[in-house]
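*Asks:* Pasting a structure here, questions to come.
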Amino acid sequence: MAEPVELDAARQAEARRYSAESRRWMLAELALSLFLLLLFLLSGASARLADWASRTSGGNPWLTVALYGAVLFVGYTLLTLPLSYLSGFRLPHRYGMSNQSAGEWAADQVKALVLTALFGGIVVEVIYALLRWQPGWWWLWAALFLLFVTVLLGQLAPVLILPLFYKLTLLDDEALKARLERLGEQAGARVTGVYTINLSSKSPAANAVVMG
């Protein structure tokens with residue numbers, strides 16, 4: 001019979017405090033986002049920005065969407081940056097849940113913002129193109145397109161996106177590697193390599209990440 005596992009009561013209490021604070025920060029970010037977007041729409045700022053983007057682009061619909069989206073994205077990012085810093089950097093450090101320096105955290109944020117702007121910009125442009133092309137059925141075509149994008153990103157993430165944030169190294173545990181390769185074969189997946197992700201370089205938190 002296995003011996004009962006004894007948990008550190010103090011660490012358990014600290015974990016509960018960290019979890020509760022994380023939820024409060026998440027709710028604060030959601031509330032701020034909702035407030036800013038409602039203010040943007042109801043104040044008429046959205047309409048004025050759309051008019052400016054249309055005039056600046058000379059009526060080109062692709063450029064109009066790009067200008068509108070770029071200004072909205074940059075403005076929203078700058079307004080929410082202080083809260084993102086407090087919840088994403090200061091809070092984890094206060095509880096010893098992050099190994100990153102401020103510069104490393106900022107670099108990751110910049111990478112994430114660039115990827116968001118790139119992929120998000122493409123998605124928005126396509127959706128607005130569908131609105132112009134099929135005003136009655138755009139939502140169906142958009143759903144199919146987003147499904148395709150989700151599958152595509154699922155394939156690209158481990159190969160192109162993840163290495164931008166973490167160092168990947170070949171797994172040197174041959175027994176575990178063989179087990180994972182057999183598991184992939186049983187699922188009908190062609191395994192070209194098994195790698196480890198150095199998550200501990202950024203956080204000491206326990207994890208069970210498996211992706212492919």
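Identifiers in this document derive from the order of the structure tokens: chains are assigned A, B, ..., residues are numbered from 1 separately in each chain, and ligands are numbered from 1 in order of occurrence.
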Determine, for each residue of region 85-192 of chain A having at least one atom at most 10 Å from an atom of region 5-24 of chain A, the closest pair of atoms and their separation in Å to one decimal, counting only C-alpha atoms; order by chain and ascending number, as a Markdown table.

*Replies:*
```
| residue | atom | partner | partner_atom | distance |
| --- | --- | --- | --- | --- |
| A:Ser87 | CA | A:Ser22 | CA | 7.2 |
| A:Gly88 | CA | A:Ser22 | CA | 9.2 |
| A:Leu91 | CA | A:Ser22 | CA | 7.9 |
| A:Pro92 | CA | A:Tyr18 | CA | 8.2 |
| A:Arg94 | CA | A:Tyr18 | CA | 9.2 |
| A:Tyr95 | CA | A:Tyr18 | CA | 7.0 |
| A:Met97 | CA | A:Tyr18 | CA | 9.4 |
```

*Asks:* Which residues are near region 125-138 of chain A? Cut-off 9 Å, only C-alpha atoms, ignore same chain within fewer than 6 positions. Put them as an MDAnalysis selection string.

*Replies:* chainID A and resid 61:62 65:66 145

*Asks:* Could you pull out the residues in region 8-206 of chain A that DSSP calls strand (DSSP E or B) from the backbone, as a compact mmCIF listing (two decimals) with C-alpha atoms, in the first residue's frame?

*Replies:*
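Listed below is the output, out21.txt:
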```
# COMPACT_ATOMS: atom_id res chain seq x y z
CA LEU A 168 14.11 22.76 -27.99
CA THR A 169 16.56 19.89 -27.55
CA LEU A 170 16.40 16.30 -28.73
CA TYR A 195 12.23 17.10 -28.31
CA THR A 196 12.12 18.55 -24.83
CA ILE A 197 10.94 22.10 -24.12
```

*Asks:* Residues within 12 Å of Ala102 (chain A), please, as a VMD selection string. Count only C-alpha atoms; anything in the same chain fewer than 5 positions from it doesn't count.

*Replies:* chain A and resid 85 to 86 88 to 90 92 to 93 107 to 109 202

*Asks:* If you run DSSP over the backbone, which residues in region 8-210 of chain A end up alpha helix (DSSP H)? Put them as a ChimeraX atom specification.

*Replies:* /A:9-42,45-56,61-85,91-94,102-133,138-156,174-186

*Asks:* Would you mind reading off the distance between CA of Leu79 (chain A) and CA of Leu36 (chain A), one decimal, in Å?

*Replies:*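 So the answer is 8.7 Å.
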
*Asks:* Would you please work out which residue, of A:Leu153, A:Ala178, A:Leu39, A:Ala47, is nearest to Val191 (chain A) when using only C-alpha atoms?

*Replies:*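 For Val191 (chain A), the nearest of the candidates is A:Ala178.
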